[in-house]
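Q: Dropping in start.txt, with compact mmCIF, C-alpha atoms and all ligand atoms.
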```txt
# COMPACT_ATOMS: atom_id res chain seq x y z
CA MET A 1 -35.20 90.54 30.87
CA SER A 2 -34.88 93.02 33.71
CA ALA A 3 -31.70 94.33 35.27
CA VAL A 4 -30.11 96.26 38.12
CA LEU A 5 -27.89 99.26 37.50
CA VAL A 6 -25.10 99.44 40.09
CA VAL A 7 -23.49 102.85 40.66
CA ASN A 8 -20.30 103.68 42.57
CA SER A 9 -19.99 107.44 42.63
CA GLY A 10 -16.94 109.52 43.54
CA SER A 11 -16.68 113.31 43.59
CA SER A 12 -15.45 113.67 40.00
CA SER A 13 -16.32 110.30 38.48
CA PHE A 14 -18.67 107.35 38.72
CA LYS A 15 -18.51 103.71 37.69
CA TYR A 16 -21.59 101.77 36.65
CA GLN A 17 -22.50 98.22 35.78
CA LEU A 18 -25.72 96.76 34.40
CA ILE A 19 -26.43 93.29 35.82
CA ASP A 20 -29.15 90.91 34.64
CA SER A 21 -31.52 90.34 37.57
CA GLU A 22 -32.05 86.66 36.74
CA SER A 23 -28.79 85.32 35.32
CA GLU A 24 -26.59 87.78 37.30
CA GLU A 25 -24.57 88.27 34.11
CA SER A 26 -22.86 91.63 33.60
CA LEU A 27 -24.54 93.20 30.54
CA ALA A 28 -22.56 96.45 30.40
CA SER A 29 -20.18 98.55 32.46
CA GLY A 30 -18.57 101.92 32.23
CA LEU A 31 -16.88 104.91 33.73
CA VAL A 32 -17.79 108.59 33.56
CA GLU A 33 -14.84 110.67 34.69
CA ARG A 34 -13.39 114.16 35.00
CA ILE A 35 -16.77 115.54 35.96
CA GLY A 36 -16.53 119.31 36.47
CA GLU A 37 -13.23 119.58 34.55
CA ALA A 38 -12.68 121.34 31.23
CA SER A 39 -13.00 118.08 29.37
CA GLY A 40 -14.77 114.95 30.65
CA ARG A 41 -14.66 111.36 29.39
CA THR A 42 -16.97 108.39 29.18
CA SER A 43 -15.97 104.81 28.57
CA HIS A 44 -18.76 102.27 27.98
CA ARG A 45 -18.35 98.53 27.54
CA GLY A 46 -21.42 96.95 25.96
CA PRO A 47 -22.25 94.11 23.58
CA ASP A 48 -20.10 95.62 20.76
CA GLY A 49 -17.00 96.24 22.82
CA THR A 50 -15.74 99.45 24.38
CA SER A 51 -16.58 102.95 23.14
CA GLU A 52 -15.10 106.16 24.47
CA ARG A 53 -16.18 109.78 24.20
CA THR A 54 -14.71 113.10 25.26
CA LEU A 55 -17.17 115.82 26.17
CA GLN A 56 -17.80 118.44 28.79
CA ILE A 57 -19.51 116.97 31.87
CA PRO A 58 -20.25 119.85 34.25
CA ASP A 59 -21.90 117.76 36.99
CA HIS A 60 -23.17 114.29 37.92
CA THR A 61 -26.58 114.98 36.32
CA ALA A 62 -24.83 115.61 32.99
CA GLY A 63 -22.77 112.48 33.68
CA PHE A 64 -25.90 110.34 33.89
CA ARG A 65 -27.18 111.92 30.64
CA ALA A 66 -23.88 110.94 28.99
CA MET A 67 -24.25 107.39 30.37
CA LEU A 68 -27.82 107.17 28.98
CA ASP A 69 -26.52 108.34 25.59
CA ALA A 70 -23.90 105.59 25.67
CA PHE A 71 -26.58 102.96 26.44
CA ALA A 72 -28.79 104.37 23.63
CA GLU A 73 -25.95 104.38 21.09
CA HIS A 74 -24.03 101.24 21.97
CA GLY A 75 -26.54 99.11 23.90
CA PRO A 76 -27.85 97.19 25.56
CA SER A 77 -31.21 98.91 25.35
CA LEU A 78 -32.57 99.97 28.71
CA ASP A 79 -36.09 99.65 27.22
CA GLU A 80 -35.46 95.97 26.58
CA ASN A 81 -33.77 95.58 29.99
CA PRO A 82 -36.02 97.65 32.28
CA LEU A 83 -34.49 98.44 35.66
CA ASP A 84 -35.76 96.65 38.79
CA ALA A 85 -33.53 98.89 40.91
CA VAL A 86 -30.53 101.18 40.92
CA GLY A 87 -28.07 100.05 43.61
CA HIS A 88 -25.67 102.63 45.05
CA ARG A 89 -22.49 101.96 46.96
CA VAL A 90 -22.41 104.20 50.03
CA VAL A 91 -19.27 104.11 52.13
CA HIS A 92 -20.51 105.13 55.59
CA GLY A 93 -23.79 104.00 57.11
CA GLY A 94 -22.81 104.81 60.70
CA LYS A 95 -24.86 102.99 63.35
CA ARG A 96 -28.10 103.85 61.59
CA PHE A 97 -27.92 101.79 58.42
CA PHE A 98 -27.44 98.11 59.11
CA GLU A 99 -28.99 96.79 55.89
CA PRO A 100 -29.53 97.87 52.28
CA THR A 101 -32.08 100.67 52.34
CA VAL A 102 -34.47 102.00 49.71
CA VAL A 103 -33.58 105.68 49.26
CA THR A 104 -36.11 108.31 50.31
CA PRO A 105 -35.50 112.02 50.95
CA LEU A 106 -35.07 111.17 54.66
CA VAL A 107 -32.45 108.50 53.84
CA GLU A 108 -30.59 111.11 51.77
CA ILE A 109 -30.56 113.47 54.75
CA ASN A 110 -29.23 110.72 57.00
CA ILE A 111 -26.45 109.86 54.54
CA GLU A 112 -25.55 113.55 54.43
CA ASP A 113 -25.53 113.67 58.22
CA LEU A 114 -22.88 110.93 58.22
CA SER A 115 -20.59 113.00 56.00
CA ASP A 116 -18.44 114.19 58.89
CA LEU A 117 -17.44 110.54 59.45
CA ALA A 118 -16.59 110.04 55.74
CA PRO A 119 -16.00 113.52 54.29
CA LEU A 120 -14.35 112.22 51.12
CA HIS A 121 -16.93 109.57 50.36
CA ASN A 122 -20.47 110.18 51.58
CA PRO A 123 -21.01 113.58 49.87
CA ALA A 124 -19.74 112.09 46.60
CA ASN A 125 -21.95 109.01 47.00
CA LEU A 126 -24.89 111.31 47.61
CA GLN A 127 -24.19 113.37 44.48
CA GLY A 128 -24.43 110.12 42.52
CA ILE A 129 -27.68 109.12 44.23
CA ARG A 130 -29.33 112.48 43.57
CA ALA A 131 -28.31 112.59 39.92
CA ALA A 132 -29.34 108.96 39.37
CA ARG A 133 -32.74 109.57 40.99
CA ALA A 134 -33.25 112.45 38.57
CA ALA A 135 -32.25 110.22 35.64
CA PHE A 136 -34.43 107.27 36.79
CA PRO A 137 -37.26 108.83 38.82
CA ASP A 138 -39.59 105.82 38.54
CA VAL A 139 -37.12 103.14 39.63
CA PRO A 140 -36.40 102.29 43.29
CA HIS A 141 -32.90 103.36 44.36
CA VAL A 142 -31.16 101.36 47.07
CA ALA A 143 -28.21 102.44 49.21
CA VAL A 144 -25.84 99.56 50.06
CA PHE A 145 -23.45 100.48 52.84
CA ASP A 146 -19.81 99.40 53.12
CA THR A 147 -20.19 99.40 56.89
CA ALA A 148 -23.41 97.34 57.12
CA PHE A 149 -21.86 93.86 57.27
CA HIS A 150 -19.92 94.91 60.37
CA GLN A 151 -23.02 95.80 62.39
CA THR A 152 -22.59 92.43 64.10
CA LEU A 153 -19.28 93.40 65.74
CA PRO A 154 -19.52 92.90 69.50
CA PRO A 155 -19.02 96.02 71.69
CA ALA A 156 -15.58 94.79 72.78
CA ALA A 157 -14.50 94.86 69.13
CA TYR A 158 -16.01 98.21 68.15
CA THR A 159 -15.13 100.20 71.27
CA TYR A 160 -12.04 102.42 71.39
CA ALA A 161 -10.71 102.82 74.93
CA ILE A 162 -11.14 106.59 75.20
CA ASP A 163 -13.51 108.81 77.22
CA ALA A 164 -16.86 107.08 76.70
CA GLY A 165 -19.00 110.24 76.72
CA LEU A 166 -16.81 112.03 74.21
CA ALA A 167 -16.76 108.98 71.95
CA GLU A 168 -20.56 108.72 72.10
CA ARG A 169 -21.09 112.42 71.34
CA HIS A 170 -18.81 112.33 68.32
CA ARG A 171 -19.77 108.84 67.13
CA VAL A 172 -16.20 107.57 67.61
CA ARG A 173 -16.10 103.77 67.33
CA ARG A 174 -15.01 101.08 64.88
CA TYR A 175 -17.44 100.77 61.97
CA GLY A 176 -15.36 98.72 59.51
CA PHE A 177 -15.48 98.93 55.70
CA HIS A 178 -15.28 96.69 52.61
CA GLY A 179 -18.34 95.00 54.13
CA THR A 180 -19.95 94.27 50.77
CA SER A 181 -16.82 92.45 49.67
CA HIS A 182 -16.30 90.58 52.96
CA LYS A 183 -19.92 89.39 52.90
CA TYR A 184 -19.80 88.33 49.25
CA VAL A 185 -16.47 86.55 49.60
CA SER A 186 -17.24 84.74 52.87
CA GLU A 187 -20.54 83.47 51.44
CA ALA A 188 -18.94 82.50 48.12
CA ALA A 189 -16.20 80.61 50.02
CA ALA A 190 -18.74 78.56 51.99
CA ARG A 191 -20.74 77.82 48.82
CA PHE A 192 -17.58 76.85 46.93
CA LEU A 193 -16.59 74.42 49.68
CA GLY A 194 -20.14 73.05 49.94
CA ARG A 195 -20.11 73.68 53.70
CA PRO A 196 -22.74 75.47 55.81
CA ILE A 197 -21.47 78.96 56.56
CA GLU A 198 -22.91 78.69 60.10
CA GLU A 199 -20.17 76.25 61.07
CA LEU A 200 -17.18 78.12 59.59
CA ARG A 201 -14.59 80.35 61.24
CA GLN A 202 -13.13 82.42 58.42
CA ILE A 203 -10.59 85.19 57.92
CA VAL A 204 -11.09 87.20 54.74
CA LEU A 205 -8.14 89.29 53.53
CA HIS A 206 -9.35 91.93 51.08
CA LEU A 207 -6.06 93.18 49.63
CA GLY A 208 -6.52 95.87 47.00
CA ASN A 209 -5.53 99.52 46.92
CA GLY A 210 -7.43 99.72 50.18
CA ALA A 211 -6.96 96.62 52.33
CA SER A 212 -8.75 95.10 55.29
CA ALA A 213 -9.00 91.85 57.21
CA CYS A 214 -12.26 90.50 58.58
CA ALA A 215 -12.93 87.70 61.06
CA VAL A 216 -16.21 86.00 60.14
CA ARG A 217 -17.88 83.53 62.50
CA GLY A 218 -20.91 81.68 61.14
CA GLY A 219 -21.32 84.25 58.36
CA ARG A 220 -21.19 87.27 60.69
CA SER A 221 -18.42 89.82 60.96
CA VAL A 222 -16.97 89.70 64.49
CA GLU A 223 -13.83 91.82 63.99
CA THR A 224 -12.32 93.87 61.20
CA SER A 225 -9.18 95.90 60.75
CA MET A 226 -10.56 99.19 59.39
CA GLY A 227 -11.94 101.44 62.09
CA MET A 228 -13.94 104.65 62.38
CA THR A 229 -12.58 105.43 58.91
CA PRO A 230 -10.90 103.26 56.26
CA LEU A 231 -7.45 104.28 57.53
CA GLU A 232 -6.82 101.77 60.33
CA GLY A 233 -5.33 98.31 59.97
CA LEU A 234 -3.25 96.85 57.17
CA VAL A 235 -0.56 98.63 55.15
CA MET A 236 -2.30 99.92 51.99
CA GLY A 237 -1.36 101.55 48.68
CA THR A 238 -1.25 105.08 50.09
CA ARG A 239 -2.68 104.66 53.62
CA SER A 240 -0.59 103.94 56.70
CA GLY A 241 -2.90 101.53 58.52
CA ASP A 242 -2.11 101.08 62.23
CA LEU A 243 0.25 103.42 64.02
CA ASP A 244 0.69 104.79 67.51
CA PRO A 245 -1.78 107.72 67.76
CA ALA A 246 0.95 109.67 69.54
CA VAL A 247 2.80 109.84 66.21
CA LEU A 248 0.21 112.44 65.17
CA LEU A 249 0.81 114.47 68.32
CA HIS A 250 4.54 114.30 67.80
CA LEU A 251 4.30 115.40 64.15
CA ALA A 252 1.88 118.20 65.05
CA ARG A 253 4.27 119.48 67.71
CA ARG A 254 7.63 118.86 66.09
CA ALA A 255 6.96 119.01 62.32
CA HIS A 256 4.18 121.61 62.74
CA LEU A 257 1.74 119.64 60.60
CA GLY A 258 -1.89 120.75 60.78
CA THR A 259 -4.92 118.45 60.71
CA ASP A 260 -5.37 118.67 56.92
CA GLU A 261 -1.69 117.94 56.35
CA LEU A 262 -1.82 114.94 58.70
CA ASP A 263 -4.94 113.70 56.93
CA GLU A 264 -3.18 114.02 53.56
CA LEU A 265 -0.01 112.37 54.93
CA LEU A 266 -1.76 109.31 56.38
CA ASN A 267 -4.41 108.80 53.68
CA ARG A 268 -2.54 109.75 50.53
CA ARG A 269 1.20 109.71 51.09
CA SER A 270 1.77 106.72 53.36
CA GLY A 271 1.56 102.94 53.00
CA LEU A 272 3.48 101.43 50.06
CA LEU A 273 3.82 104.89 48.50
CA GLY A 274 5.27 106.49 51.62
CA LEU A 275 7.72 103.66 52.19
CA SER A 276 8.89 103.04 48.63
CA GLY A 277 7.72 105.90 46.42
CA ARG A 278 5.34 103.49 44.65
CA GLY A 279 1.68 102.96 45.54
CA ASP A 280 0.93 100.13 43.13
CA MET A 281 1.88 96.64 44.33
CA ARG A 282 3.05 95.50 40.89
CA ASP A 283 5.60 98.35 40.79
CA VAL A 284 6.69 97.69 44.37
CA ARG A 285 7.28 94.02 43.64
CA GLN A 286 9.16 94.78 40.43
CA ALA A 287 11.39 97.26 42.26
CA ALA A 288 12.03 94.79 45.10
CA GLU A 289 13.04 92.14 42.55
CA ASN A 290 15.49 94.65 41.07
CA GLY A 291 17.13 95.03 44.48
CA ASP A 292 15.38 98.23 45.70
CA GLU A 293 15.68 98.04 49.48
CA ALA A 294 12.90 100.52 50.22
CA ALA A 295 10.51 98.44 48.11
CA ARG A 296 11.61 95.26 49.93
CA LEU A 297 10.95 96.93 53.28
CA ALA A 298 7.50 98.04 52.05
CA LEU A 299 6.73 94.41 51.18
CA ASP A 300 8.13 93.08 54.47
CA THR A 301 6.10 95.60 56.46
CA THR A 302 2.94 94.63 54.56
CA ILE A 303 3.56 90.93 55.21
CA HIS A 304 4.48 91.45 58.88
CA ARG A 305 1.19 93.31 59.45
CA LEU A 306 -0.79 90.59 57.65
CA LYS A 307 0.72 87.83 59.82
CA HIS A 308 -0.09 89.92 62.87
CA TYR A 309 -3.79 90.08 61.92
CA ILE A 310 -4.01 86.42 60.92
CA GLY A 311 -2.64 85.43 64.34
CA ALA A 312 -4.88 87.85 66.22
CA TYR A 313 -8.05 86.85 64.38
CA THR A 314 -7.33 83.14 64.74
CA ALA A 315 -7.16 83.73 68.50
CA LEU A 316 -10.39 85.77 68.51
CA LEU A 317 -12.20 83.10 66.51
CA GLY A 318 -10.84 80.33 68.77
CA GLY A 319 -9.35 78.55 65.74
CA LEU A 320 -9.63 78.83 62.00
CA ASP A 321 -11.31 76.78 59.26
CA VAL A 322 -10.95 78.95 56.15
CA LEU A 323 -8.58 81.74 55.12
CA VAL A 324 -9.54 83.64 51.96
CA PHE A 325 -7.52 86.03 49.80
CA THR A 326 -9.39 88.47 47.56
CA ALA A 327 -9.16 91.78 45.56
CA GLY A 328 -6.40 92.96 43.20
CA ILE A 329 -3.38 91.91 45.25
CA GLY A 330 -5.01 89.00 47.08
CA GLU A 331 -6.24 87.43 43.84
CA ASN A 332 -3.14 88.03 41.73
CA ASP A 333 0.00 88.21 43.82
CA ALA A 334 0.93 84.58 44.50
CA ARG A 335 4.30 85.53 45.96
CA LEU A 336 2.69 87.81 48.55
CA ARG A 337 0.30 85.00 49.56
CA GLU A 338 3.24 82.63 49.93
CA GLU A 339 5.31 85.07 51.98
CA THR A 340 2.34 85.93 54.20
CA LEU A 341 1.64 82.29 55.06
CA GLU A 342 5.29 81.25 55.47
CA GLY A 343 5.90 79.92 58.99
CA LEU A 344 2.20 79.65 59.87
CA GLY A 345 2.19 75.84 59.80
CA PHE A 346 1.74 75.84 63.58
CA LEU A 347 -1.74 77.34 63.01
CA GLY A 348 -2.60 74.47 60.67
CA ILE A 349 -2.02 76.55 57.53
CA GLU A 350 -0.17 74.64 54.81
CA LEU A 351 0.07 76.24 51.39
CA ASP A 352 0.43 74.09 48.25
CA PRO A 353 3.07 75.99 46.21
CA GLU A 354 1.88 74.66 42.85
CA ARG A 355 -1.79 75.41 43.48
CA ASN A 356 -0.82 78.84 44.77
CA ALA A 357 1.27 79.65 41.69
CA ALA A 358 -1.34 78.46 39.15
CA SER A 359 -2.79 81.41 37.29
CA ASP A 360 -6.44 80.22 37.37
CA ARG A 361 -9.08 82.91 37.58
CA GLY A 362 -12.05 81.59 39.56
CA ALA A 363 -12.45 80.50 43.18
CA ARG A 364 -9.78 77.94 44.05
CA VAL A 365 -8.11 76.06 46.90
CA ILE A 366 -4.41 76.86 47.34
CA SER A 367 -3.71 74.83 50.50
CA THR A 368 -2.67 71.18 50.59
CA ASP A 369 -5.31 68.47 50.98
CA GLY A 370 -3.94 67.80 54.47
CA SER A 371 -3.99 71.45 55.63
CA ALA A 372 -6.24 71.89 58.70
CA VAL A 373 -7.10 75.38 57.46
CA THR A 374 -8.43 75.56 53.89
CA VAL A 375 -6.82 78.50 52.11
CA LEU A 376 -8.76 79.91 49.16
CA VAL A 377 -8.53 82.60 46.53
CA VAL A 378 -12.04 83.91 45.83
CA PRO A 379 -12.48 86.78 43.34
CA THR A 380 -14.60 89.51 44.88
CA ASN A 381 -17.56 91.01 43.02
CA GLU A 382 -18.91 93.99 44.93
CA GLU A 383 -21.15 95.08 42.04
CA LEU A 384 -22.94 91.74 41.97
CA GLU A 385 -23.37 91.80 45.75
CA ILE A 386 -24.84 95.33 45.53
CA ALA A 387 -27.22 94.16 42.78
CA ARG A 388 -28.34 91.17 44.89
CA GLN A 389 -28.83 93.27 48.02
CA SER A 390 -30.72 95.93 46.04
CA LEU A 391 -33.17 93.34 44.70
CA GLN A 392 -33.63 91.95 48.22
CA ALA A 393 -34.30 95.42 49.64
CA VAL A 394 -36.88 96.17 46.97
CA ALA A 395 -38.59 92.78 47.52
CA ARG A 396 -38.60 93.35 51.30
CA GLU A 397 -40.15 96.78 50.90
CA ARG A 398 -42.84 95.40 48.57
CA ALA A 399 -43.65 92.68 51.14
CA ASP A 400 -44.05 95.23 53.97
P1 LIG B 1 -8.02 96.70 43.64
O1 LIG B 1 -8.11 97.91 44.55
O2 LIG B 1 -8.75 95.51 44.19
O3 LIG B 1 -8.35 97.01 42.21
O4 LIG B 1 -6.46 96.28 43.64
C1 LIG B 1 -5.46 97.14 43.17
C2 LIG B 1 -4.10 96.60 43.58
O5 LIG B 1 -3.95 95.26 43.06
C3 LIG B 1 -2.93 97.41 43.07
O6 LIG B 1 -1.97 97.59 44.10
C4 LIG B 1 -2.35 96.51 41.97
O7 LIG B 1 -0.97 96.68 41.83
C5 LIG B 1 -2.63 95.14 42.55
N1 LIG B 1 -2.52 94.11 41.52
C6 LIG B 1 -3.29 93.89 40.44
N2 LIG B 1 -2.79 92.86 39.71
C7 LIG B 1 -1.68 92.43 40.35
C8 LIG B 1 -0.71 91.41 40.11
N3 LIG B 1 -0.79 90.62 39.04
N4 LIG B 1 0.31 91.26 41.00
C9 LIG B 1 0.40 92.06 42.07
N5 LIG B 1 -0.48 93.03 42.35
C10 LIG B 1 -1.49 93.22 41.52
```
Would it be possible to restate this file's structure as C-alpha cells?
Ligand code: AMP

A:
Amino acid sequence: MSAVLVVNSGSSSFKYQLIDSESEESLASGLVERIGEASGRTSHRGPDGTSERTLQIPDHTAGFRAMLDAFAEHGPSLDENPLDAVGHRVVHGGKRFFEPTVVTPLVEINIEDLSDLAPLHNPANLQGIRAARAAFPDVPHVAVFDTAFHQTLPPAAYTYAIDAGLAERHRVRRYGFHGTSHKYVSEAAARFLGRPIEELRQIVLHLGNGASACAVRGGRSVETSMGMTPLEGLVMGTRSGDLDPAVLLHLARRAHLGTDELDELLNRRSGLLGLSGRGDMRDVRQAAENGDEAARLALDTTIHRLKHYIGAYTALLGGLDVLVFTAGIGENDARLREETLEGLGFLGIELDPERNAASDRGARVISTDGSAVTVLVVPTNEELEIARQSLQAVARERAD
C-alpha cells in the first residue's frame, strides 16, 4: 500500500495527513506546533488513537524529525506505506503556477519570488517544503496552489480598474484563493448529483474562518470573491472583506495608521471579531441568541454580504443550477444557511427547512424537490484534493 503525505505549513506550525493512494482513506494526521518557541508540541492521530508530546522544536527540519518519530512510535509504518509523493499546500502561485507542480530548486525560487504577494503565507509554505524535502529526499514533492483553480478567470473578472502599467509592474490583479476547496467541492457536487459538470452553473460558498464565494461554469472558476490577497470579499472571522479603498486613505490621514497597522486592522482585527469582539462563528451566534446587538449586527452584515454575492454571481453565470455550502460554518451552521437564502425564492432557490436542519454529515441536498436551484451541503476535503493532484502531477511528469 502506498500513500501521499499532505503538508500544510505555517510559520510556526504545520499540519500533515497521510492518505492511502488507492483507497483515498486517511491513515494518519497530525499537527506540529510552536516551532521556534521555548516548548513545542506534536499531536499525532494514528491507528491507536491520538498521542501528544512536548519537546523543543527549533525549526521546521526538527519538526519533520518529530513527525517521523511519531510515525515510527505510533504508526502507521512509513516503510509499509511508502510515499508516492509529498503534496504541499502553497497559498500564492501568481500567474506562473496554473497547475500542481513538481518541486525543483527553480520552483522554490519562483515560490519565494511570489512572497511579496503573500508575505504571511508563501515564506512559511516554503519553509515546510524545504524541510520536507530534506526529510524525504527521494520522494517527489508537489506544490498545489490555492490560486491555481482561478487561472480560468476572464480578464474582465481579474482586472482592477487602476493604472494598467502600474498594475502590471506590481502584479496587481485578482488571483482568488481557496481554489483547492472550490475545485474539490464543485466536482464532488456534480458527482453527487450524477450530472455532468460541463452543464452546471454553480456557486460555491466556502465559509470557514476565511470565506470566499466562487462562480463555477462547466467546472471552471469564472469569478471569485477573494482578490490579489485573501482579504477581499465576504465578511470573515477576523478579515473585513470588501470595503471602500478610500477608508484606508481616511484612516491613514485622520487616525494616523501606518501600513502595518492597517494590515493588522483589516486582516486580524476586523470581520466578526471587529464587529462583535468574537471571531468564532459559534460564539457570535451564541451571543446573538443571548440578545447581544453587536453580535446580531455581525451576523446580519455577514448574511447581507452573502446575498449580495449570490445575486451578483447568478447574474454573471446567466442563471444558477447548484448552490453549495462548505467549510466549518457552511457545513455546520444551518441557521446561517437559512437566513442567507431567505427571500431568494425569486432566483428559484427554495430551502427545505427540515433537510437543512438535519445534522447529517456527508454531502446532502437541502433544497425542496421543486426548487429550480439545487442547494447542497458538501463537506470540503482540501487534503484529499491535494493528494489527488499530487499523484496526477507525478504521473504527468513520468509520462513526459
Ligand atoms: P474552518 O476554517 O473551515 O475550520 O471553519 C471555522 C469556522 O467554522 C469557525 O468560525 C467556527 O466557529 C465555525 N463552526 C464550526 N462548527 C460550527 C457550528 N456547529 N456552528 C457554527 N459555526 C461553526

Q: Quick one: everything within 12 Å of segment 53-68 of chain A, counting all atoms listed in the file, minus sequence neighbours fewer than 3 positions away in the same chain. Send it as a ChimeraX atom specification.

A: /A:5,7-18,28-46,50,71-79,124-136

Q: Taking all atoms listed in the file into account, report as a PyMOL selection string which residues have an atom no farther than 9 Å from an atom of ligand LIG 1 (chain B).

A: chain A and resi 206-211+236-237+272+279-285+326-336+380

Q: Which residues of segment 321-388 of chain A come within 10 Å of segment 166-182 of chain A, and for each one, what is the closest pair of atoms and their distance in Å to one decimal, counting all atoms listed in the file, sorted by chain and residue number, as a Markdown table?

A:
```
| residue | atom | partner | partner_atom | distance |
| --- | --- | --- | --- | --- |
| A:Val324 | CA | A:His182 | CA | 9.7 |
| A:Thr326 | CA | A:Ser181 | CA | 8.7 |
| A:Ala327 | CA | A:Ser181 | CA | 8.7 |
| A:Pro379 | CA | A:Ser181 | CA | 9.5 |
| A:Thr380 | CA | A:Ser181 | CA | 6.0 |
| A:Asn381 | CA | A:Ser181 | CA | 6.8 |
| A:Glu382 | CA | A:Ser181 | CA | 5.4 |
| A:Glu383 | CA | A:Thr180 | CA | 8.8 |
| A:Leu384 | CA | A:Thr180 | CA | 9.6 |
| A:Glu385 | CA | A:Thr180 | CA | 6.6 |
| A:Ile386 | CA | A:Thr180 | CA | 7.2 |
```

Q: Skipping near chain neighbours, those fewer than 5 positions away, what residues fall within 7 Å of Ser367 of chain A using only C-alpha atoms, listed as number ranges by chain?

A: A: 350-352, 374-375

Q: Which distance in Å separates atom CA of Glu199 of chain A and atom CA of Gly218 of chain A, to one decimal?

A: 5.5 Å

Q: Give as a PyMOL selection string every residue, naming chains and numbers as the document does, that has an atom within 10 Å of (-34.7, 90.8, 29.8), counting all atoms listed in the file.

A: chain A and resi 1-3+20-23+77-83

Q: What does the distance from atom CA of Val373 of chain A to atom CA of Ser359 of chain A come to in Å, to one decimal?

A: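 Distance between the two atoms: 21.5 Å.
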
Q: Could you work out how far atom CA of Leu341 of chain A lies from atom CA of Ala358 of chain A, giving the answer in Å with one decimal?

A: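 Computing the Euclidean distance for atom CA of Ala358 of chain A and atom CA of Leu341 of chain A yields 16.6 Å.
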
Q: At a cut-off of 9 Å, using only C-alpha atoms, what residues contact Arg269 of chain A? Leave out same-chain residues fewer than 2 positions from it and give the result as a count of residues only.

A: 15

Q: Hey, can you pull every residue with an atom no more than 10 Å from (11.1, 95.2, 46.5), using all atoms listed in the file, and send it as a list in words?

A: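 Checked against the point, the hits come out as Ser276, Met281, Arg282, Asp283, Val284, Arg285, Gln286, Ala287, Ala288, Glu289, Asn290, Gly291, Asp292, Glu293, Ala294, Ala295, Arg296, Leu297, Ala298, Leu299 and Asp300 of chain A.
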
Q: Here is a test: counting all atoms listed in the file, which residue of A:Leu231, A:Leu317, A:Ile197, A:Val365 is nearest to Leu243 of chain A?

A: A:Leu231

Q: Would you mind telling me which residue in A:Arg278, A:Arg337, A:Arg388, A:His121 lies nearest to Lys307 of chain A when using all atoms listed in the file?

A: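 Of the candidates, the smallest distance to Lys307 of chain A is held by A:Arg337.
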
Q: Which residue gives the smallest distance to Thr340 of chain A among A:Ala312, A:Leu320, A:Ile303, A:Leu262, with all atoms listed in the file counted?

A: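 Going through A:Ala312, A:Leu320, A:Ile303, A:Leu262 one by one, the smallest distance to Thr340 of chain A is for A:Ile303.
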
Q: From the list A:Pro140, A:Arg398, A:Phe192, A:Glu25, which residue is nearest Gly362 of chain A when using all atoms listed in the file?

A: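 Distance minimum relative to Gly362 of chain A lands on A:Phe192.
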
Q: Counting only C-alpha atoms, figure out which residue out of A:Asp260, A:Phe145, A:Ala387, A:Pro100 gets nearest to Ala85 of chain A.

A: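 Smallest separation from Ala85 of chain A among the options: A:Ala387.
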
Q: With only C-alpha atoms as the atoms that count, which of A:Asn356, A:Ala213, A:Glu261, A:Asp84 lies nearest to Leu376 of chain A?

A: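 For Leu376 of chain A, the nearest of the given residues is A:Asn356.
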